[in-house]
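Engineer: Structure supplied as run_17.cif; contents: mmCIF, C-alpha atoms.
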```cif
data_my_file
#
loop_
_atom_site.label_atom_id
_atom_site.label_comp_id
_atom_site.auth_asym_id
_atom_site.auth_seq_id
_atom_site.Cartn_x
_atom_site.Cartn_y
_atom_site.Cartn_z
CA MET A 1 19.55 15.31 -10.19
CA ALA A 2 18.24 12.16 -11.85
CA ARG A 3 15.90 11.37 -14.70
CA LEU A 4 13.09 9.30 -13.19
CA GLY A 5 9.74 7.88 -14.16
CA TYR A 6 6.70 7.57 -11.91
CA LEU A 7 3.76 5.36 -12.86
CA GLY A 8 0.56 5.34 -10.81
CA LEU A 9 -0.74 8.56 -9.27
CA GLY A 10 -3.37 7.44 -6.79
CA LEU A 11 -3.76 8.42 -3.13
CA MET A 12 -0.16 7.41 -2.37
CA GLY A 13 1.56 7.74 -5.74
CA TYR A 14 0.59 11.35 -6.40
CA PRO A 15 2.28 12.85 -3.30
CA MET A 16 5.26 10.49 -3.64
CA ALA A 17 5.87 11.59 -7.23
CA ARG A 18 5.42 15.21 -6.16
CA ASN A 19 8.13 14.79 -3.51
CA LEU A 20 10.57 13.51 -6.14
CA LEU A 21 9.78 16.49 -8.35
CA ARG A 22 10.25 18.91 -5.48
CA ALA A 23 13.61 17.29 -4.76
CA GLY A 24 14.68 18.55 -8.16
CA HIS A 25 14.48 15.39 -10.26
CA GLN A 26 13.20 15.28 -13.81
CA VAL A 27 10.20 12.95 -13.60
CA GLY A 28 8.14 11.46 -16.40
CA LEU A 29 4.58 10.91 -15.17
CA TRP A 30 2.00 8.34 -16.24
CA SER A 31 -1.28 7.26 -14.70
CA HIS A 32 -4.30 5.22 -15.76
CA THR A 33 -6.15 8.48 -15.17
CA ALA A 34 -4.28 10.73 -17.58
CA ALA A 35 -5.73 13.88 -16.03
CA LYS A 36 -3.78 13.23 -12.82
CA ALA A 37 -0.50 13.00 -14.71
CA ARG A 38 -1.27 16.16 -16.65
CA GLN A 39 -2.22 18.01 -13.46
CA LEU A 40 0.93 17.03 -11.56
CA ALA A 41 3.12 17.78 -14.58
CA ALA A 42 1.62 21.26 -14.79
CA GLU A 43 1.83 21.94 -11.04
CA GLU A 44 5.38 20.72 -10.45
CA LYS A 45 7.09 20.96 -13.86
CA GLY A 46 7.04 17.23 -14.53
CA THR A 47 6.70 15.59 -17.93
CA PHE A 48 3.38 14.07 -18.93
CA CYS A 49 3.76 10.67 -20.63
CA GLU A 50 1.21 8.91 -22.81
CA THR A 51 2.43 5.39 -21.95
CA PRO A 52 4.63 3.56 -19.42
CA LYS A 53 7.04 2.91 -22.29
CA GLN A 54 7.45 6.65 -22.85
CA ALA A 55 8.06 7.27 -19.15
CA ALA A 56 10.77 4.59 -19.09
CA GLU A 57 12.65 5.54 -22.25
CA SER A 58 14.95 8.16 -20.74
CA ALA A 59 14.73 7.18 -17.06
CA GLU A 60 17.51 5.64 -15.03
CA CYS A 61 14.95 4.62 -12.40
CA VAL A 62 11.19 4.07 -12.79
CA PHE A 63 8.84 3.97 -9.80
CA LEU A 64 5.54 2.10 -9.69
CA CYS A 65 2.66 2.60 -7.26
CA LEU A 66 -0.25 0.48 -8.45
CA GLY A 67 -3.08 -1.44 -6.86
CA ALA A 68 -2.71 -5.10 -7.79
CA SER A 69 -0.42 -7.74 -9.25
CA GLU A 70 -2.22 -7.77 -12.60
CA MET A 71 -1.83 -4.00 -12.94
CA CYS A 72 1.90 -4.18 -12.27
CA GLU A 73 2.35 -7.02 -14.73
CA GLN A 74 0.52 -5.13 -17.48
CA VAL A 75 2.28 -1.82 -16.90
CA THR A 76 5.67 -3.49 -16.67
CA LEU A 77 5.52 -6.23 -19.31
CA GLY A 78 2.50 -5.39 -21.46
CA GLU A 79 2.28 -3.64 -24.80
CA ASP A 80 3.76 -0.14 -24.42
CA GLY A 81 4.96 -1.22 -20.97
CA ILE A 82 8.20 -0.39 -19.19
CA ILE A 83 10.00 -3.34 -20.75
CA ALA A 84 9.44 -1.86 -24.21
CA GLY A 85 11.15 1.42 -23.32
CA ALA A 86 13.62 0.87 -20.49
CA ARG A 87 17.30 0.79 -21.37
CA ALA A 88 19.73 -1.81 -20.06
CA GLY A 89 21.02 -0.79 -16.64
CA ALA A 90 17.80 0.91 -15.56
CA VAL A 91 16.08 0.00 -12.30
CA VAL A 92 12.34 -0.39 -11.64
CA VAL A 93 11.30 0.30 -8.04
CA ASP A 94 7.86 -1.15 -7.37
CA THR A 95 6.29 0.36 -4.24
CA SER A 96 3.03 -1.52 -4.85
CA THR A 97 1.89 -4.33 -2.56
CA ILE A 98 1.55 -7.33 -4.85
CA SER A 99 2.25 -11.07 -4.81
CA PRO A 100 5.95 -11.71 -4.14
CA TYR A 101 5.71 -14.61 -6.58
CA CYS A 102 4.33 -12.39 -9.32
CA SER A 103 7.00 -9.79 -8.54
CA ARG A 104 9.78 -12.35 -8.92
CA ALA A 105 8.35 -13.44 -12.26
CA ILE A 106 8.23 -9.82 -13.47
CA GLY A 107 11.80 -9.33 -12.26
CA ALA A 108 12.99 -12.34 -14.22
CA LYS A 109 11.45 -10.97 -17.44
CA LEU A 110 12.99 -7.54 -16.89
CA ALA A 111 16.38 -9.10 -16.18
CA GLU A 112 16.35 -10.61 -19.68
CA ARG A 113 16.52 -7.00 -20.94
CA GLY A 114 19.18 -5.95 -18.46
CA VAL A 115 16.69 -4.11 -16.21
CA GLU A 116 16.71 -4.62 -12.42
CA LEU A 117 13.59 -4.80 -10.22
CA VAL A 118 13.38 -3.69 -6.59
CA ASP A 119 10.27 -4.52 -4.57
CA ALA A 120 9.82 -1.72 -2.05
CA PRO A 121 6.30 -1.73 -0.60
CA CYS A 122 5.72 0.99 1.93
CA THR A 123 3.65 1.86 4.96
CA GLY A 124 2.68 5.20 6.45
CA SER A 125 -0.54 5.93 4.57
CA ILE A 126 -1.39 9.24 2.94
CA PRO A 127 0.17 11.50 5.63
CA GLY A 128 3.46 9.62 5.29
CA ALA A 129 3.38 9.91 1.51
CA GLU A 130 2.69 13.63 1.72
CA LYS A 131 5.38 14.37 4.33
CA GLY A 132 8.01 12.01 2.95
CA THR A 133 8.05 9.93 6.14
CA LEU A 134 7.13 6.51 4.75
CA THR A 135 8.68 3.23 5.84
CA PHE A 136 9.94 0.99 3.04
CA MET A 137 10.55 -2.76 3.13
CA VAL A 138 12.98 -3.60 0.35
CA GLY A 139 13.68 -6.80 -1.54
CA ALA A 140 16.48 -6.84 -4.16
CA GLU A 141 20.12 -7.60 -4.63
CA GLU A 142 21.79 -5.38 -2.04
CA ALA A 143 23.94 -3.53 -4.59
CA VAL A 144 20.81 -2.61 -6.56
CA PHE A 145 19.11 -1.39 -3.40
CA GLU A 146 22.08 0.87 -2.68
CA ARG A 147 21.74 2.40 -6.16
CA VAL A 148 18.17 3.54 -5.50
CA ARG A 149 18.54 4.28 -1.78
CA PRO A 150 18.99 8.06 -2.36
CA TYR A 151 15.60 8.29 -4.08
CA LEU A 152 13.84 6.23 -1.41
CA GLU A 153 15.36 8.45 1.27
CA GLN A 154 13.54 11.39 -0.32
CA LEU A 155 10.27 9.52 0.18
CA GLY A 156 10.70 7.91 3.57
CA ARG A 157 12.55 7.92 6.87
CA GLN A 158 12.91 4.19 7.48
CA LEU A 159 14.37 1.79 4.92
CA TYR A 160 14.53 -1.89 5.84
CA TYR A 161 16.57 -4.15 3.62
CA CYS A 162 14.81 -7.52 3.90
CA GLY A 163 16.82 -9.66 1.51
CA GLY A 164 16.60 -10.74 -2.10
CA PRO A 165 13.76 -10.30 -4.61
CA GLY A 166 10.29 -10.63 -3.10
CA MET A 167 11.41 -10.35 0.52
CA GLY A 168 10.21 -6.76 0.93
CA LEU A 169 6.78 -7.94 -0.14
CA HIS A 170 6.82 -10.83 2.32
CA ALA A 171 7.57 -8.31 5.08
CA LYS A 172 4.75 -5.99 3.98
CA LEU A 173 2.21 -8.81 3.76
CA THR A 174 3.17 -9.94 7.26
CA GLN A 175 2.60 -6.41 8.55
CA ASN A 176 -0.80 -6.14 6.91
CA LEU A 177 -1.80 -9.60 8.11
CA ILE A 178 -1.19 -8.44 11.67
CA LEU A 179 -2.89 -5.06 11.13
CA SER A 180 -6.01 -6.64 9.66
CA ASN A 181 -6.32 -9.15 12.49
CA ILE A 182 -5.85 -6.43 15.12
CA LEU A 183 -8.57 -4.38 13.43
CA GLN A 184 -10.91 -7.37 13.37
CA ALA A 185 -10.32 -7.93 17.09
CA PHE A 186 -11.01 -4.24 17.78
CA CYS A 187 -14.25 -4.35 15.80
CA GLU A 188 -15.46 -7.45 17.64
CA GLY A 189 -14.48 -6.09 21.05
CA LEU A 190 -16.05 -2.65 20.64
CA THR A 191 -19.22 -4.09 19.14
CA LEU A 192 -19.48 -6.47 22.10
CA SER A 193 -18.81 -3.85 24.79
CA THR A 194 -21.16 -1.31 23.19
CA LYS A 195 -23.94 -3.89 22.92
CA ALA A 196 -23.42 -4.64 26.61
CA GLY A 197 -23.91 -0.96 27.42
CA LEU A 198 -20.35 0.27 27.95
CA ASP A 199 -19.46 3.76 26.76
CA PRO A 200 -17.08 3.30 23.78
CA HIS A 201 -14.91 6.20 24.99
CA LEU A 202 -14.47 4.50 28.36
CA MET A 203 -13.65 1.20 26.68
CA LEU A 204 -11.02 2.89 24.51
CA GLU A 205 -9.45 4.56 27.54
CA ILE A 206 -9.22 1.18 29.24
CA LEU A 207 -7.58 -0.35 26.15
CA ASP A 208 -5.14 2.53 25.90
CA ASN A 209 -3.98 1.89 29.46
CA SER A 210 -3.70 -1.87 29.23
CA ALA A 211 -1.67 -4.57 27.50
CA ALA A 212 -4.21 -4.36 24.64
CA ARG A 213 -2.95 -0.90 23.68
CA SER A 214 -2.38 -0.63 19.92
CA ALA A 215 -1.13 2.17 17.68
CA LEU A 216 -3.62 1.04 15.03
CA ILE A 217 -6.55 1.25 17.43
CA SER A 218 -5.41 4.65 18.66
CA ALA A 219 -5.27 5.87 15.05
CA LYS A 220 -8.56 4.38 13.84
CA ALA A 221 -10.85 4.50 16.86
CA PRO A 222 -11.56 8.28 16.83
CA SER A 223 -12.73 8.08 13.22
CA VAL A 224 -14.89 5.03 13.93
CA LEU A 225 -16.57 6.76 16.87
CA ALA A 226 -17.09 9.86 14.72
CA ARG A 227 -18.52 7.64 11.94
CA ASP A 228 -15.91 9.07 9.59
CA PHE A 229 -14.77 6.41 7.13
CA ARG A 230 -12.94 8.61 4.64
CA THR A 231 -10.36 6.50 2.86
CA PHE A 232 -6.75 6.40 3.95
CA PHE A 233 -6.42 2.73 3.01
CA SER A 234 -9.43 1.14 1.40
CA THR A 235 -11.27 -2.02 2.39
CA LYS A 236 -10.76 -3.49 -1.09
CA TRP A 237 -6.99 -3.08 -0.98
CA MET A 238 -6.64 -4.53 2.52
CA HIS A 239 -8.79 -7.47 1.43
CA LYS A 240 -6.40 -7.94 -1.49
CA ASP A 241 -3.39 -7.91 0.83
CA VAL A 242 -4.95 -10.41 3.23
CA GLY A 243 -5.61 -12.65 0.25
CA LEU A 244 -1.96 -12.37 -0.81
CA ALA A 245 -0.86 -13.33 2.71
CA LEU A 246 -3.07 -16.41 2.53
CA GLU A 247 -1.55 -17.26 -0.86
CA SER A 248 1.91 -17.10 0.69
CA GLY A 249 0.77 -19.27 3.58
CA MET A 250 -0.54 -21.86 1.13
CA ARG A 251 2.67 -21.86 -0.91
CA LEU A 252 4.88 -22.07 2.17
CA GLY A 253 2.77 -24.59 4.06
CA VAL A 254 1.96 -22.22 6.92
CA PRO A 255 -1.56 -22.48 8.45
CA LEU A 256 -3.18 -19.06 8.93
CA PRO A 257 -6.52 -19.87 10.60
CA LEU A 258 -7.22 -16.47 12.16
CA THR A 259 -6.33 -14.65 8.95
CA SER A 260 -8.71 -16.90 7.02
CA VAL A 261 -11.62 -15.71 9.17
CA THR A 262 -10.50 -12.09 8.85
CA GLU A 263 -10.40 -12.47 5.05
CA GLN A 264 -14.02 -13.61 5.13
CA MET A 265 -15.00 -10.56 7.19
CA PHE A 266 -13.36 -8.28 4.63
CA ARG A 267 -15.15 -10.21 1.90
CA ALA A 268 -18.44 -9.60 3.72
CA ALA A 269 -17.59 -5.88 3.87
CA LEU A 270 -17.01 -5.84 0.10
CA ALA A 271 -20.37 -7.55 -0.41
CA ALA A 272 -21.95 -4.83 1.75
CA GLY A 273 -20.60 -2.14 -0.59
CA LEU A 274 -17.78 -0.92 1.68
CA GLY A 275 -14.91 -1.56 -0.73
CA GLU A 276 -14.03 2.10 -1.37
CA GLU A 277 -14.33 3.20 2.27
CA ASP A 278 -11.46 3.09 4.75
CA PHE A 279 -10.75 -0.42 5.93
CA SER A 280 -11.94 0.48 9.43
CA SER A 281 -15.44 0.46 7.93
CA ILE A 282 -15.55 -3.34 8.30
CA ILE A 283 -16.98 -2.68 11.77
CA LYS A 284 -20.27 -1.88 10.01
CA VAL A 285 -20.68 -5.56 9.15
CA LEU A 286 -20.55 -6.64 12.78
CA GLU A 287 -22.73 -3.71 13.83
CA SER A 288 -25.41 -4.75 11.36
CA TRP A 289 -25.36 -8.31 12.66
CA ALA A 290 -25.42 -7.22 16.31
CA GLY A 291 -27.97 -4.42 15.90
CA VAL A 292 -25.77 -1.77 17.51
CA GLU A 293 -23.67 1.19 16.37
CA VAL A 294 -20.32 2.03 17.92
CA LYS A 295 -20.26 5.82 18.06
CA GLY A 296 -19.04 8.55 20.34
CA ARG A 297 -20.93 11.04 22.41
CA PRO A 298 -22.18 14.17 20.60
CA GLU A 299 -19.87 17.13 21.00
#
```
Would you kindly transcribe this structure into structure tokens?
Structural biologist:
Amino acid sequence: MARLGYLGLGLMGYPMARNLLRAGHQVGLWSHTAAKARQLAAEEKGTFCETPKQAAESAECVFLCLGASEMCEQVTLGEDGIIAGARAGAVVVDTSTISPYCSRAIGAKLAERGVELVDAPCTGSIPGAEKGTLTFMVGAEEAVFERVRPYLEQLGRQLYYCGGPGMGLHAKLTQNLILSNILQAFCEGLTLSTKAGLDPHLMLEILDNSAARSALISAKAPSVLARDFRTFFSTKWMHKDVGLALESGMRLGVPLPLTSVTEQMFRAALAAGLGEEDFSSIIKVLESWAGVEVKGRPE
């Protein structure tokens, strides 16, 4: 079994780190919220760490699961960061969804110390993190990916090697661009049909038996109709990812007109105080403008 580090114990990171511990690895745990690291260390016989540096000092591989590019940069390169503790030959596996350009810059700094970086953003939400059934999109030198593959296989079922550094992140941002635009279309369509007087359940049945069928809609629609917006993936983080996709479009010279409108709708949801709710809650913005609520029949 390996000596690992795990930094970032939020909704996804906590169960992912727990799966590595249950696989028998020795895992040093750090989180911005120290209580989470202490709790997991006590529950699963991990090692609580005061700093990212401490978690990296004896680890052959360090995992990250953080919210934004700035967080990853600070935890990796900042004072008492990974770079201050990691030994030459270690690998950092960043499962966060951040800017591929920022990730490449972090990787270059780590490489100066002989430390490799793998970008491995994942999808599958909280259930996938808990069950170890996540899908990973990986960017790294292929030989480095093969070194960490056994650990990723304990966290997920599907591993897609996408190419060199940053390419896993480009794949993840493309996925979330499409997801966010599908959700926006769903919100507009159901708000329109409900305002017209159609039963939302009937409309969903029609969608589910047409070319407009979508796994995302099938997953999110029951919660929307039940007015249950408990967070599986928050509005603020999807807004961040849409913004990163737009950044990539700007850098690569790719127009993204539909995504630009969707970003503004997520921005409106943040302004309405929906940032911590599940990203399906953006429908509330359209509902407020249209004067209608998309909800199911009482049980």
Engineer: List the residues sitting within 10 Å of (-14.4, -10.5, 4.3) in the file's frame, using only C-alpha atoms, as a PyMOL selection string.
Structural biologist: chain A and resi 235-236+238-239+242-243+260-272+282+285
Engineer: Any chance you could resolve the PyMOL selection byres ((chain A and resi 149) around 12) against this file and give the residues as a PyMOL selection string?
Structural biologist: chain A and resi 61+91+93+118+120+136-138+140+142-148+150-161
Engineer: In Å, how far is it from atom CA of A:Leu11 to atom CA of A:Ser234?
Structural biologist: 10.3 Å
Engineer: Measuring atom to atom with all atoms listed in the file, identify which of A:Glu130, A:Glu141, A:Glu60, A:Asp228 is nearest to A:Pro165.
Structural biologist: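 For A:Pro165, the nearest of the given residues is A:Glu141.
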Engineer: Using all atoms listed in the file and a cutoff of 9 Å, can you tell me which residues are near (17.1, 5.9, -21.4) in the file's coordinates, and write them out as a ChimeraX atom specification?
Structural biologist: /A:3,56-60,85-88,90
Engineer: Can I get the selected residues back with C-alpha atoms, as a JSON list (two decimals), keeping the file's coordinate frame?
Structural biologist:
```json
[["chain", "number", "residue", "atom", "x", "y", "z"],
["A", 3, "ARG", "CA", 15.90, 11.37, -14.70],
["A", 56, "ALA", "CA", 10.77, 4.59, -19.09],
["A", 57, "GLU", "CA", 12.65, 5.54, -22.25],
["A", 58, "SER", "CA", 14.95, 8.16, -20.74],
["A", 59, "ALA", "CA", 14.73, 7.18, -17.06],
["A", 60, "GLU", "CA", 17.51, 5.64, -15.03],
["A", 85, "GLY", "CA", 11.15, 1.42, -23.32],
["A", 86, "ALA", "CA", 13.62, 0.87, -20.49],
["A", 87, "ARG", "CA", 17.30, 0.79, -21.37],
["A", 88, "ALA", "CA", 19.73, -1.81, -20.06],
["A", 90, "ALA", "CA", 17.80, 0.91, -15.56]]
```
Engineer: So what do you get for atom CA of A:Val294 versus atom CA of A:Ala211, distance-wise?
Structural biologist: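 Computing it gives 22.0 Å between the two atoms.
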Engineer: Can you work out the spacing between atom CA of A:Glu79 and atom CA of A:Ala55 in Å, to one decimal?
Structural biologist: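 Those two atoms sit 13.6 Å apart.
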Engineer: A:Ser218: which residues within 10 Å, counting all atoms listed in the file, same-chain residues fewer than 2 positions away excluded, as an MDAnalysis selection string?
Structural biologist: chainID A and resid 204:205 207:208 213:216 220:223
Engineer: Under the rule that all atoms listed in the file are counted, which of A:Leu29, A:Leu7, A:Met16, A:Val254 is the nearest residue to A:Thr133?
Structural biologist: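 Of A:Leu29, A:Leu7, A:Met16, A:Val254, the one nearest A:Thr133, counting all atoms listed in the file, is A:Met16.
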Engineer: Which of these, A:Pro255, A:Gly46, A:Gly249, A:Gly24, has the shortest distance to A:Gly5 once you count all atoms listed in the file?
Structural biologist: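 Ranking A:Pro255, A:Gly46, A:Gly249, A:Gly24 by distance to A:Gly5, first place goes to A:Gly46.
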Engineer: With a distance cut-off of 12 Å and only C-alpha atoms, select the neighbouring residues of A:Ala290, excluding the residue or stretch itself and same-chain residues fewer than 4 positions from it, and output the selection as a list in words.
Structural biologist: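 Result of the neighbour search: Cys187, Glu188, Gly189, Leu190, Thr191, Leu192, Ser193, Thr194, Lys195, Ala196, Ile283, Lys284, Val285, Leu286 and Val294 of chain A.
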Engineer: Might you pull out every residue within 9 Å of A:His201, with only C-alpha atoms counted and same-chain residues fewer than 3 positions away left off, and present them as a VMD selection string?
Structural biologist: chain A and resid 198 204 to 206 225 295 to 297
Engineer: Using only C-alpha atoms, find the one residue out of A:Ile98, A:Gly139, A:Glu43, A:Tyr6 that sits nearest to A:Ile82.
Structural biologist: A:Tyr6
Engineer: Kindly resolve the PyMOL selection byres ((chain A and resi 122-124) around 8) on the present coordinates and return the residues as a PyMOL selection string.
Structural biologist: chain A and resi 95-97+120-121+125-129+133-137+172
Engineer: For this structure, which residues satisfy the selection - the PyMOL selection byres ((chain A and resi 36) around 12) - when it is evaluated on the file as given? I want them as a PyMOL selection string.
Structural biologist: chain A and resi 6-11+13-15+17-18+29-35+37-43+46-50
Engineer: Write out, as a tab-separated table (two decimals), keeping the file's coordinate frame, the residues just selected, with C-alpha atoms.
Structural biologist:
```tsv
chain	number	residue	atom	x	y	z
A	6	TYR	CA	6.70	7.57	-11.91
A	7	LEU	CA	3.76	5.36	-12.86
A	8	GLY	CA	0.56	5.34	-10.81
A	9	LEU	CA	-0.74	8.56	-9.27
A	10	GLY	CA	-3.37	7.44	-6.79
A	11	LEU	CA	-3.76	8.42	-3.13
A	13	GLY	CA	1.56	7.74	-5.74
A	14	TYR	CA	0.59	11.35	-6.40
A	15	PRO	CA	2.28	12.85	-3.30
A	17	ALA	CA	5.87	11.59	-7.23
A	18	ARG	CA	5.42	15.21	-6.16
A	29	LEU	CA	4.58	10.91	-15.17
A	30	TRP	CA	2.00	8.34	-16.24
A	31	SER	CA	-1.28	7.26	-14.70
A	32	HIS	CA	-4.30	5.22	-15.76
A	33	THR	CA	-6.15	8.48	-15.17
A	34	ALA	CA	-4.28	10.73	-17.58
A	35	ALA	CA	-5.73	13.88	-16.03
A	37	ALA	CA	-0.50	13.00	-14.71
A	38	ARG	CA	-1.27	16.16	-16.65
A	39	GLN	CA	-2.22	18.01	-13.46
A	40	LEU	CA	0.93	17.03	-11.56
A	41	ALA	CA	3.12	17.78	-14.58
A	42	ALA	CA	1.62	21.26	-14.79
A	43	GLU	CA	1.83	21.94	-11.04
A	46	GLY	CA	7.04	17.23	-14.53
A	47	THR	CA	6.70	15.59	-17.93
A	48	PHE	CA	3.38	14.07	-18.93
A	49	CYS	CA	3.76	10.67	-20.63
A	50	GLU	CA	1.21	8.91	-22.81
```
Engineer: If the box runs along x, y and z of the file and leaves 6 Å on each side of stretch 135-154 of chain A, what are its centre and edge lengths in Å, one decimal, as lines of an AutoDock Vina configuration file?
Structural biologist:
```
center_x = 16.3
center_y = 1.9
center_z = -0.4
size_x = 27.3
size_y = 31.0
size_z = 24.4
```
Engineer: My list of candidates is A:Met12, A:Ala23, A:Leu274, A:Ala84. Which is closest to A:Gly67 when distances are computed with all atoms listed in the file?
Structural biologist: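 Of A:Met12, A:Ala23, A:Leu274, A:Ala84, the one nearest A:Gly67 is A:Met12, counting all atoms listed in the file.
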Engineer: Just checking: using all atoms listed in the file, which residue out of A:Val75, A:Leu117, A:Val292, A:Ile182 ends up closest to A:Pro200?
Structural biologist: A:Val292
